[in-house]
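Here is the file query_34.csv (CSV, C-alpha atoms and all ligand atoms).
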```
chain,number,residue,atom,x,y,z
A,1,MET,CA,0.2,-22.3,-3.7
A,2,GLY,CA,-2.0,-19.2,-3.1
A,3,SER,CA,0.6,-16.5,-2.8
A,4,ILE,CA,1.0,-13.3,-4.8
A,5,THR,CA,4.7,-14.2,-5.4
A,6,GLU,CA,3.7,-16.6,-8.2
A,7,VAL,CA,2.0,-13.7,-10.2
A,8,PHE,CA,5.4,-11.9,-10.3
A,9,LYS,CA,7.2,-15.1,-11.3
A,10,ASN,CA,5.1,-15.0,-14.5
A,11,ASP,CA,5.6,-11.3,-15.0
A,12,PRO,CA,9.0,-10.3,-13.7
A,13,LEU,CA,10.2,-6.8,-13.1
A,14,HIS,CA,13.3,-6.4,-15.2
A,15,LEU,CA,16.5,-5.7,-13.3
A,16,ASP,CA,17.7,-2.7,-15.2
A,17,SER,CA,14.6,-0.8,-14.1
A,18,ALA,CA,14.6,-2.3,-10.6
A,19,ILE,CA,17.4,-0.3,-9.1
A,20,PRO,CA,16.6,2.9,-7.2
A,21,LEU,CA,18.7,6.0,-7.6
A,22,ASP,CA,21.6,6.7,-5.2
A,23,PHE,CA,19.8,9.7,-3.7
A,24,ASP,CA,22.6,10.7,-1.3
A,25,THR,CA,24.8,11.8,-4.2
A,26,LEU,CA,22.2,14.2,-5.9
A,27,LYS,CA,22.3,18.0,-5.7
A,28,SER,CA,19.6,18.6,-8.3
A,29,VAL,CA,16.7,16.7,-9.8
A,30,PRO,CA,17.8,14.8,-12.9
A,31,GLU,CA,15.4,15.0,-15.9
A,32,SER,CA,14.7,11.3,-15.5
A,33,HIS,CA,12.8,12.3,-12.3
A,34,GLU,CA,11.0,15.4,-13.5
A,35,TRP,CA,7.2,14.9,-13.8
A,36,ALA,CA,4.5,17.1,-15.2
A,37,LEU,CA,2.5,17.1,-12.0
A,38,GLU,CA,-1.3,17.6,-11.8
A,39,PRO,CA,-1.6,20.4,-9.1
A,40,SER,CA,-3.0,19.7,-5.6
A,41,ASN,CA,-6.2,21.4,-4.5
A,42,HIS,CA,-5.2,23.6,-1.6
A,43,SER,CA,-8.6,25.4,-1.4
A,44,LEU,CA,-10.2,22.5,0.6
A,45,ASP,CA,-9.3,21.6,4.2
A,46,SER,CA,-8.8,17.9,3.8
A,47,SER,CA,-8.5,17.5,7.6
A,48,LYS,CA,-12.2,18.3,7.9
A,49,MET,CA,-13.1,16.0,5.0
A,50,LEU,CA,-11.5,12.6,5.3
A,51,PRO,CA,-12.9,10.7,8.2
A,52,VAL,CA,-10.8,9.8,11.2
A,53,ILE,CA,-12.6,7.0,13.0
A,54,ASP,CA,-12.1,6.0,16.6
A,55,LEU,CA,-12.4,2.2,16.6
A,56,THR,CA,-13.6,2.2,20.2
A,57,HIS,CA,-16.6,4.2,19.2
A,58,PRO,CA,-19.8,2.1,19.6
A,59,ASP,CA,-20.8,3.0,16.0
A,60,ALA,CA,-17.4,2.2,14.6
A,61,PRO,CA,-18.6,-0.6,12.2
A,62,HIS,CA,-21.1,1.7,10.5
A,63,LEU,CA,-18.6,4.6,10.4
A,64,VAL,CA,-16.0,2.4,8.8
A,65,ALA,CA,-18.5,1.1,6.2
A,66,HIS,CA,-19.8,4.7,5.5
A,67,ALA,CA,-16.2,6.0,5.1
A,68,ALA,CA,-15.3,3.2,2.7
A,69,ARG,CA,-18.3,3.8,0.6
A,70,THR,CA,-17.9,7.6,0.5
A,71,TRP,CA,-14.2,7.9,0.1
A,72,GLY,CA,-12.4,4.5,-0.2
A,73,ILE,CA,-9.9,6.0,2.2
A,74,PHE,CA,-10.1,7.0,5.9
A,75,GLN,CA,-8.0,7.0,9.0
A,76,ILE,CA,-8.4,4.9,12.2
A,77,VAL,CA,-7.2,5.7,15.7
A,78,ASN,CA,-7.5,3.6,19.0
A,79,HIS,CA,-6.9,0.6,16.8
A,80,GLY,CA,-5.1,-1.4,19.4
A,81,VAL,CA,-1.6,-1.6,17.7
A,82,PRO,CA,0.8,-0.3,20.4
A,83,LEU,CA,2.5,3.1,19.6
A,84,GLY,CA,5.8,1.6,20.8
A,85,LEU,CA,5.6,-1.1,18.1
A,86,MET,CA,4.8,1.5,15.5
A,87,GLN,CA,7.8,3.6,16.5
A,88,SER,CA,10.0,0.5,16.3
A,89,VAL,CA,8.8,-0.3,12.8
A,90,GLU,CA,9.7,3.3,11.7
A,91,SER,CA,13.1,3.2,13.4
A,92,GLU,CA,14.0,-0.2,11.9
A,93,ALA,CA,12.9,1.1,8.5
A,94,ARG,CA,15.1,4.2,8.9
A,95,ARG,CA,18.0,1.9,9.9
A,96,LEU,CA,17.5,0.0,6.7
A,97,PHE,CA,17.2,2.9,4.3
A,98,ASN,CA,20.1,4.8,6.0
A,99,LEU,CA,22.5,2.0,5.0
A,100,PRO,CA,24.9,2.7,2.2
A,101,THR,CA,23.5,2.0,-1.2
A,102,GLN,CA,26.0,-0.8,-1.8
A,103,ASP,CA,24.6,-2.7,1.2
A,104,LYS,CA,21.0,-2.2,0.2
A,105,MET,CA,21.9,-3.5,-3.3
A,106,LYS,CA,22.8,-6.8,-1.7
A,107,VAL,CA,19.2,-7.5,-1.0
A,108,LEU,CA,17.9,-6.2,-4.3
A,109,ARG,CA,14.6,-7.8,-5.2
A,110,SER,CA,15.2,-10.4,-7.9
A,111,PRO,CA,13.1,-10.0,-11.1
A,112,GLU,CA,10.6,-12.7,-10.3
A,113,ASN,CA,10.4,-12.1,-6.6
A,114,LEU,CA,8.2,-10.0,-4.4
A,115,ALA,CA,10.5,-9.5,-1.4
A,116,GLY,CA,13.6,-7.3,-1.0
A,117,TYR,CA,14.8,-3.8,-1.9
A,118,GLY,CA,14.0,-1.9,-5.0
A,119,VAL,CA,11.7,0.5,-6.9
A,120,ALA,CA,7.9,0.1,-6.7
A,121,ARG,CA,6.3,-2.6,-8.7
A,122,ILE,CA,4.5,0.0,-10.8
A,123,ALA,CA,7.8,1.7,-11.8
A,124,PRO,CA,8.1,0.1,-15.3
A,125,PHE,CA,4.8,1.6,-16.4
A,126,TYR,CA,6.1,5.1,-16.4
A,127,ASP,CA,8.8,6.8,-18.4
A,128,LYS,CA,9.8,9.0,-15.4
A,129,CYS,CA,11.3,7.6,-12.2
A,130,MET,CA,9.9,8.1,-8.7
A,131,TRP,CA,11.7,9.6,-5.8
A,132,HIS,CA,11.3,6.4,-3.8
A,133,GLU,CA,13.0,3.3,-2.6
A,134,GLY,CA,11.1,0.4,-1.0
A,135,PHE,CA,11.6,-2.8,0.9
A,136,THR,CA,9.0,-5.5,0.7
A,137,ILE,CA,8.6,-8.3,3.2
A,138,HIS,CA,6.5,-11.3,2.3
A,139,ASP,CA,7.2,-14.4,4.3
A,140,SER,CA,10.2,-14.3,6.6
A,141,CYS,CA,12.7,-11.5,6.4
A,142,VAL,CA,15.5,-13.4,8.1
A,143,GLY,CA,17.4,-14.2,4.9
A,144,HIS,CA,17.7,-10.5,3.9
A,145,ALA,CA,18.2,-9.1,7.4
A,146,LYS,CA,21.1,-11.5,8.0
A,147,ILE,CA,22.8,-10.1,4.8
A,148,LEU,CA,22.3,-6.5,6.0
A,149,TRP,CA,23.2,-7.0,9.6
A,150,PRO,CA,24.9,-10.4,10.1
A,151,HIS,CA,25.3,-9.9,13.9
A,152,ASP,CA,22.2,-7.7,14.6
A,153,TYR,CA,19.3,-8.9,12.4
A,154,GLU,CA,17.0,-10.0,15.1
A,155,SER,CA,15.5,-6.7,16.2
A,156,PHE,CA,14.5,-6.0,12.5
A,157,CYS,CA,12.9,-9.3,12.0
A,158,ASN,CA,11.2,-9.5,15.4
A,159,THR,CA,9.7,-6.0,15.0
A,160,MET,CA,8.4,-6.8,11.5
A,161,MET,CA,6.9,-10.1,12.6
A,162,GLU,CA,5.3,-8.6,15.6
A,163,PHE,CA,3.9,-5.8,13.5
A,164,ARG,CA,2.4,-8.3,11.0
A,165,HIS,CA,1.0,-10.3,13.9
A,166,LYS,CA,-0.8,-7.3,15.2
A,167,MET,CA,-2.0,-6.0,11.8
A,168,LYS,CA,-3.7,-9.2,10.6
A,169,PRO,CA,-6.5,-9.2,13.2
A,170,LEU,CA,-7.0,-5.5,12.8
A,171,ALA,CA,-7.3,-5.8,9.1
A,172,ASP,CA,-9.7,-8.8,9.5
A,173,GLN,CA,-11.8,-6.7,11.8
A,174,LEU,CA,-12.1,-3.9,9.3
A,175,LEU,CA,-12.9,-6.3,6.5
A,176,HIS,CA,-15.5,-8.0,8.6
A,177,TYR,CA,-17.2,-4.6,9.3
A,178,LEU,CA,-17.2,-3.9,5.5
A,179,LEU,CA,-18.4,-7.2,4.3
A,180,LYS,CA,-21.2,-7.3,7.0
A,181,SER,CA,-22.5,-4.0,5.7
A,182,LEU,CA,-23.1,-5.6,2.2
A,183,ASN,CA,-26.2,-7.6,1.5
A,184,ILE,CA,-24.6,-11.0,1.6
A,185,PRO,CA,-25.1,-14.2,3.7
A,186,GLY,CA,-23.2,-14.5,7.0
A,187,GLU,CA,-21.5,-17.7,5.8
A,188,LEU,CA,-19.9,-15.8,2.9
A,189,VAL,CA,-18.6,-13.2,5.2
A,190,GLN,CA,-17.1,-16.0,7.2
A,191,ILE,CA,-15.5,-17.7,4.1
A,192,TRP,CA,-13.9,-14.4,3.2
A,193,ALA,CA,-12.7,-13.8,6.7
A,194,GLU,CA,-11.0,-17.2,6.6
A,195,SER,CA,-9.6,-16.7,3.1
A,196,THR,CA,-7.1,-14.2,4.6
A,197,ASP,CA,-5.8,-16.8,7.0
A,198,LYS,CA,-4.1,-18.8,4.3
A,199,VAL,CA,-1.7,-16.0,3.3
A,200,SER,CA,0.7,-13.9,5.3
A,201,GLY,CA,0.1,-10.2,4.7
A,202,THR,CA,2.8,-8.2,2.9
A,203,ILE,CA,4.7,-5.4,4.6
A,204,GLN,CA,6.0,-2.6,2.5
A,205,LEU,CA,8.6,-0.1,3.9
A,206,ASN,CA,8.7,3.1,1.8
A,207,SER,CA,11.5,5.7,1.8
A,208,TYR,CA,11.3,9.2,0.2
A,209,PRO,CA,14.6,11.0,0.7
A,210,PRO,CA,14.8,14.8,0.9
A,211,CYS,CA,14.5,16.2,-2.6
A,212,PRO,CA,16.4,19.4,-3.9
A,213,ASP,CA,13.3,20.5,-5.8
A,214,PRO,CA,10.1,18.7,-4.8
A,215,ARG,CA,7.8,20.8,-7.1
A,216,HIS,CA,8.2,18.5,-10.1
A,217,VAL,CA,8.8,15.2,-8.4
A,218,LEU,CA,6.6,12.3,-7.4
A,219,GLY,CA,7.4,9.8,-4.5
A,220,LEU,CA,4.9,7.4,-5.9
A,221,ALA,CA,2.9,7.9,-9.1
A,222,PRO,CA,-0.9,7.8,-8.9
A,223,HIS,CA,-2.1,4.3,-8.3
A,224,THR,CA,-4.7,2.1,-6.6
A,225,ASP,CA,-3.6,-0.8,-4.4
A,226,THR,CA,-4.4,-4.2,-5.7
A,227,LEU,CA,-5.5,-6.3,-2.7
A,228,LEU,CA,-8.4,-5.9,-0.2
A,229,LEU,CA,-7.2,-3.3,2.3
A,230,THR,CA,-4.0,-1.4,2.9
A,231,LEU,CA,-3.2,0.0,6.3
A,232,LEU,CA,-0.5,2.6,6.2
A,233,ASN,CA,1.3,4.9,8.7
A,234,GLN,CA,2.9,8.0,7.3
A,235,CYS,CA,5.2,8.6,10.3
A,236,GLN,CA,4.0,12.2,10.9
A,237,ILE,CA,5.3,13.6,7.6
A,238,SER,CA,2.8,14.6,5.0
A,239,GLY,CA,3.0,13.4,1.4
A,240,LEU,CA,0.1,11.0,0.8
A,241,GLN,CA,-2.5,12.6,-1.5
A,242,TYR,CA,-5.9,11.2,-2.6
A,243,PHE,CA,-7.8,11.9,-5.8
A,244,ARG,CA,-11.5,12.1,-6.5
A,245,ASP,CA,-12.9,13.5,-9.7
A,246,ASP,CA,-15.0,16.1,-8.0
A,247,ILE,CA,-12.3,17.5,-5.6
A,248,GLY,CA,-9.0,16.8,-7.3
A,249,TRP,CA,-5.8,16.0,-5.4
A,250,ILE,CA,-6.1,16.5,-1.6
A,251,SER,CA,-3.6,15.7,1.1
A,252,VAL,CA,-4.2,13.0,3.7
A,253,PRO,CA,-3.1,14.8,6.9
A,254,PRO,CA,-0.8,12.8,9.1
A,255,VAL,CA,-2.7,12.0,12.4
A,256,PRO,CA,-0.4,10.9,15.3
A,257,GLY,CA,-0.7,7.1,15.8
A,258,ALA,CA,-3.3,6.6,13.1
A,259,PHE,CA,-3.4,4.2,10.2
A,260,VAL,CA,-4.6,5.3,6.8
A,261,VAL,CA,-6.9,2.6,5.4
A,262,ASN,CA,-7.2,2.3,1.6
A,263,VAL,CA,-9.7,0.2,-0.2
A,264,GLY,CA,-7.9,-1.9,-2.8
A,265,ASP,CA,-9.1,-3.1,-6.3
A,266,THR,CA,-10.1,-6.6,-5.1
A,267,LEU,CA,-12.5,-5.1,-2.5
A,268,GLU,CA,-13.9,-2.8,-5.1
A,269,ILE,CA,-14.7,-5.9,-7.2
A,270,LEU,CA,-16.2,-7.9,-4.2
A,271,SER,CA,-18.4,-5.0,-3.2
A,272,ASN,CA,-19.5,-4.5,-6.8
A,273,GLY,CA,-18.1,-1.0,-6.8
A,274,LYS,CA,-19.7,0.1,-3.4
A,275,PHE,CA,-16.3,0.5,-1.8
A,276,PRO,CA,-14.2,2.3,-4.5
A,277,SER,CA,-10.5,1.6,-4.5
A,278,ALA,CA,-8.7,4.7,-3.5
A,279,TYR,CA,-6.6,6.5,-6.2
A,280,HIS,CA,-3.5,8.0,-4.4
A,281,ARG,CA,0.0,9.4,-5.0
A,282,VAL,CA,2.9,10.6,-2.9
A,283,THR,CA,4.7,13.9,-3.0
A,284,VAL,CA,8.1,14.5,-1.4
A,285,ASN,CA,9.7,17.1,0.9
A,286,GLU,CA,12.7,19.3,0.5
A,287,ASN,CA,14.3,18.7,3.9
A,288,LYS,CA,12.7,15.8,5.5
A,289,HIS,CA,13.4,12.1,4.8
A,290,ARG,CA,9.8,10.7,4.8
A,291,ILE,CA,9.2,7.0,5.7
A,292,SER,CA,5.9,5.2,5.5
A,293,TYR,CA,5.1,1.6,6.1
A,294,ALA,CA,2.1,-0.4,5.0
A,295,TYR,CA,0.4,-3.7,5.6
A,296,PHE,CA,-1.3,-5.2,2.6
A,297,HIS,CA,-4.2,-7.4,3.5
A,298,GLY,CA,-5.1,-9.9,0.8
A,299,PRO,CA,-7.0,-13.1,0.3
A,300,SER,CA,-5.7,-16.4,-1.0
A,301,MET,CA,-4.9,-16.2,-4.8
A,302,ASP,CA,-7.4,-19.1,-5.3
A,303,SER,CA,-10.3,-17.0,-3.9
A,304,PRO,CA,-12.9,-15.8,-6.4
A,305,ALA,CA,-12.7,-12.1,-7.3
A,306,GLU,CA,-16.3,-11.4,-8.2
A,307,PRO,CA,-19.2,-9.3,-6.8
A,308,LEU,CA,-20.5,-11.0,-3.7
A,309,ASP,CA,-24.1,-9.7,-3.7
A,310,LYS,CA,-25.8,-12.1,-6.1
A,311,ALA,CA,-29.0,-10.1,-6.0
A,312,GLU,CA,-27.3,-7.2,-7.9
A,313,LYS,CA,-26.3,-6.9,-11.5
A,314,PRO,CA,-22.5,-7.6,-11.5
A,315,LEU,CA,-20.4,-4.7,-12.7
A,316,TYR,CA,-17.2,-6.8,-12.9
A,317,ARG,CA,-16.6,-10.2,-14.4
A,318,SER,CA,-15.8,-13.3,-12.4
A,319,MET,CA,-12.2,-14.4,-12.0
A,320,THR,CA,-9.8,-15.6,-9.4
A,321,VAL,CA,-7.8,-13.2,-7.3
A,322,ARG,CA,-4.7,-14.7,-9.0
A,323,GLU,CA,-6.2,-13.8,-12.5
A,324,TYR,CA,-6.9,-10.2,-11.4
A,325,CYS,CA,-3.4,-9.8,-9.9
A,326,ALA,CA,-1.9,-11.0,-13.2
A,327,ILE,CA,-4.0,-8.5,-15.1
A,328,LYS,CA,-2.9,-5.8,-12.7
A,329,ALA,CA,0.7,-6.8,-13.0
A,330,LYS,CA,0.4,-6.5,-16.9
A,331,HIS,CA,-1.9,-3.5,-17.3
A,332,ASN,CA,-1.6,-1.5,-14.0
A,333,GLU,CA,-4.1,1.4,-14.1
A,334,GLU,CA,-6.1,-0.1,-16.9
A,335,ALA,CA,-6.8,-3.3,-15.0
A,336,LEU,CA,-10.1,-2.4,-13.2
A,337,GLY,CA,-11.5,-1.0,-16.5
A,338,LEU,CA,-10.5,-4.3,-18.3
A,339,VAL,CA,-12.6,-6.4,-15.9
A,340,LYS,CA,-15.6,-4.2,-15.9
A,341,LEU,CA,-18.7,-5.6,-17.6
B,401,LIG,C1,1.2,-7.0,-1.9
B,401,LIG,C2,1.6,-6.1,-2.8
B,401,LIG,C3,1.0,-4.8,-3.0
B,401,LIG,C4,1.9,-4.1,-3.9
B,401,LIG,C5,2.5,-5.2,-4.7
B,401,LIG,C6,2.8,-6.2,-3.7
B,401,LIG,O1,3.0,-7.4,-4.2
B,401,LIG,C7,4.1,-5.8,-2.9
B,401,LIG,C8,4.3,-4.3,-3.0
B,401,LIG,C9,3.0,-3.4,-3.0
B,401,LIG,C10,3.3,-2.1,-3.7
B,401,LIG,C11,3.8,-1.0,-2.7
B,401,LIG,C12,4.0,0.3,-3.4
B,401,LIG,C13,2.8,0.7,-4.3
B,401,LIG,C14,2.4,-0.5,-5.1
B,401,LIG,C15,1.3,-0.1,-6.1
B,401,LIG,C16,3.6,-1.2,-5.7
B,401,LIG,O2,4.1,-0.9,-6.8
B,401,LIG,O3,4.1,-2.1,-4.9
B,401,LIG,C17,1.9,-1.6,-4.2
B,401,LIG,C18,1.4,-2.9,-4.8
B,401,LIG,C19,-0.1,-3.0,-5.0
B,401,LIG,O4,-0.9,-2.7,-4.1
B,401,LIG,O5,-0.5,-3.3,-6.1
B,402,LIG,O1,3.9,6.6,1.4
B,402,LIG,C1,2.7,6.7,1.3
B,402,LIG,O2,2.1,7.5,2.0
B,402,LIG,C2,1.8,5.8,0.5
B,402,LIG,C3,2.5,4.5,0.0
B,402,LIG,C4,1.7,3.7,-0.9
B,402,LIG,O3,0.8,4.2,-1.5
B,402,LIG,C5,1.9,2.3,-0.9
B,402,LIG,O4,2.8,1.7,-0.3
B,402,LIG,O5,1.1,1.6,-1.7
B,403,FE,FE,-0.5,2.6,-2.4
```
File written out as structure tokens:
Amino acid sequence: MGSITEVFKNDPLHLDSAIPLDFDTLKSVPESHEWALEPSNHSLDSSKMLPVIDLTHPDAPHLVAHAARTWGIFQIVNHGVPLGLMQSVESEARRLFNLPTQDKMKVLRSPENLAGYGVARIAPFYDKCMWHEGFTIHDSCVGHAKILWPHDYESFCNTMMEFRHKMKPLADQLLHYLLKSLNIPGELVQIWAESTDKVSGTIQLNSYPPCPDPRHVLGLAPHTDTLLLTLLNQCQISGLQYFRDDIGWISVPPVPGAFVVNVGDTLEILSNGKFPSAYHRVTVNENKHRISYAYFHGPSMDSPAEPLDKAEKPLYRSMTVREYCAIKAKHNEEALGLVKL
């Protein structure tokens, strides 16, 4: 059926590269984790550049569409997701990542699966390792949570399911604003809105432990997200950076209670390049254990991935979302270039 899991069944992440480092035992950065980092641009005040949009503002639909066109990344506040729920997601994520390594290894993501504990999907594309461990939730998380906390799994699962339940309509609303701003028939906007009903969004919990020397380390290597929209909370600790050719790497400042919204590759294709997918990376901290959590909003794998405005010359070839995800899983950063006409 139409889930992203099937893409990874065909292109498994091999186990030897799927195990994160045991960060607790490290006193210095091993060579395997030392990157030649492109420097950040500190001369610009990114807090004055990247838009922070109040979703209760009467002009919110236009502000959202404008920010997605100009940046491919922006932040939203007054989005309706309760702060208490956001705090619970963070504390459940911390509870998980604070478990001993041998416990987390019991829920290691199997090579052909999407869900569970492990390194980022993009890890095999790099010869250096990232200072990161992740936990991915796709359908239910009960199986994994029962292994981790046999007598106390419910608070984790209830929190994550409640979070997903609140994120879906928010992501749909943003997608609706964006698609409506394109020159496409209302029925097509409706079809796309409904296409996200067939899949349950993916939740990704990210952990970036304190690092003895963060200057040469990356939490996550530069990447774009694959699906339509990613909504991410950085839990008040900076680390997320965004790249644009004309400005270089700038920090995305943590804004209390906000979600960072990233345009993903699939939305770049649907919009014929009007909403550019955001190229981003994560840096780490010396003393703070940074957590972030994200909701990945995607369509059914059977949906067409092609420019929607038929009056325009298409810049990308037509394919299904499944085909695009398979190209991304094989070629990572090269994928968008490979489907450009
Ligand atoms: C829905 C998804 C997006 C994601 C791949 C995945 O199937 C589940 C994990 C997601 C994640 C999180 C960390 C960064 C990222 C690039 C990765 O390696 O795994 C994203 C993937 C993505 O957007 O392509
Ligand atoms: O941790 C972050 O700020 C970003 C995480 C991210 O890029 C992702 O989960 O795709
Ligand atoms: Fe990302």
All residues 8 Å or closer to region 336-338 of chain A, all atoms listed in the file, same chain fewer than 3 positions away omitted, as a PDB file with C-alpha atoms, keeping the file's coordinate frame:
```pdb
ATOM      1  CA  ASP A 265      -9.100  -3.100  -6.300  1.00  0.00           C
ATOM      2  CA  LYS A 328      -2.900  -5.800 -12.700  1.00  0.00           C
ATOM      3  CA  GLU A 333      -4.100   1.400 -14.100  1.00  0.00           C
TER       4      GLU A 333
END
```
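Neighbours of ligand LIG 401 (chain B) at a cut-off of 7 Å, computed so that all atoms listed in the file are counted, are the residues Ile4, Leu114, Ala120, Arg121, Ile122, Ala123, Thr136, Thr202, Gln204, His223, Thr224, Asp225, Thr226, Leu227 and Phe296 of chain A.
Shortest separation to ligand LIG 402 (chain B) among A:Glu112, A:Glu133, A:Asp54, A:Glu306 occurs at residue A:Glu133, atoms counted being all atoms listed in the file.
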- line: If you count all atoms listed in the file, the residue of A:Lys106, A:Arg94, A:Arg281, A:His62 closest to Pro39 (chain A) turns out to be A:Arg281
task: Name each residue within 10 Å of ligand LIG 402 (chain B), counting only C-alpha atoms and all ligand atoms, as a count of residues only.
output: 52
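Residues near the point (15.2, 10.5, -8.6), at a distance of 8 Å or less over only C-alpha atoms, make up Pro20, Leu21, Phe23, Val29, Pro30, Ser32, His33, Cys129, Met130, Trp131, His132 and Val217 of chain A.
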- prompt: Counting all atoms listed in the file, what is within 12 Å of region 77-85 of chain A, bar same-chain residues fewer than 6 positions away, as a PyMOL selection string?
  reply: chain A and resi 51-57+60+64+91-92+155-156+158-171+173-174+231+233+235+254-261
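Put simply, CA of Ser251 (chain A) is 9.5 Å away from CA of Leu50 (chain A).
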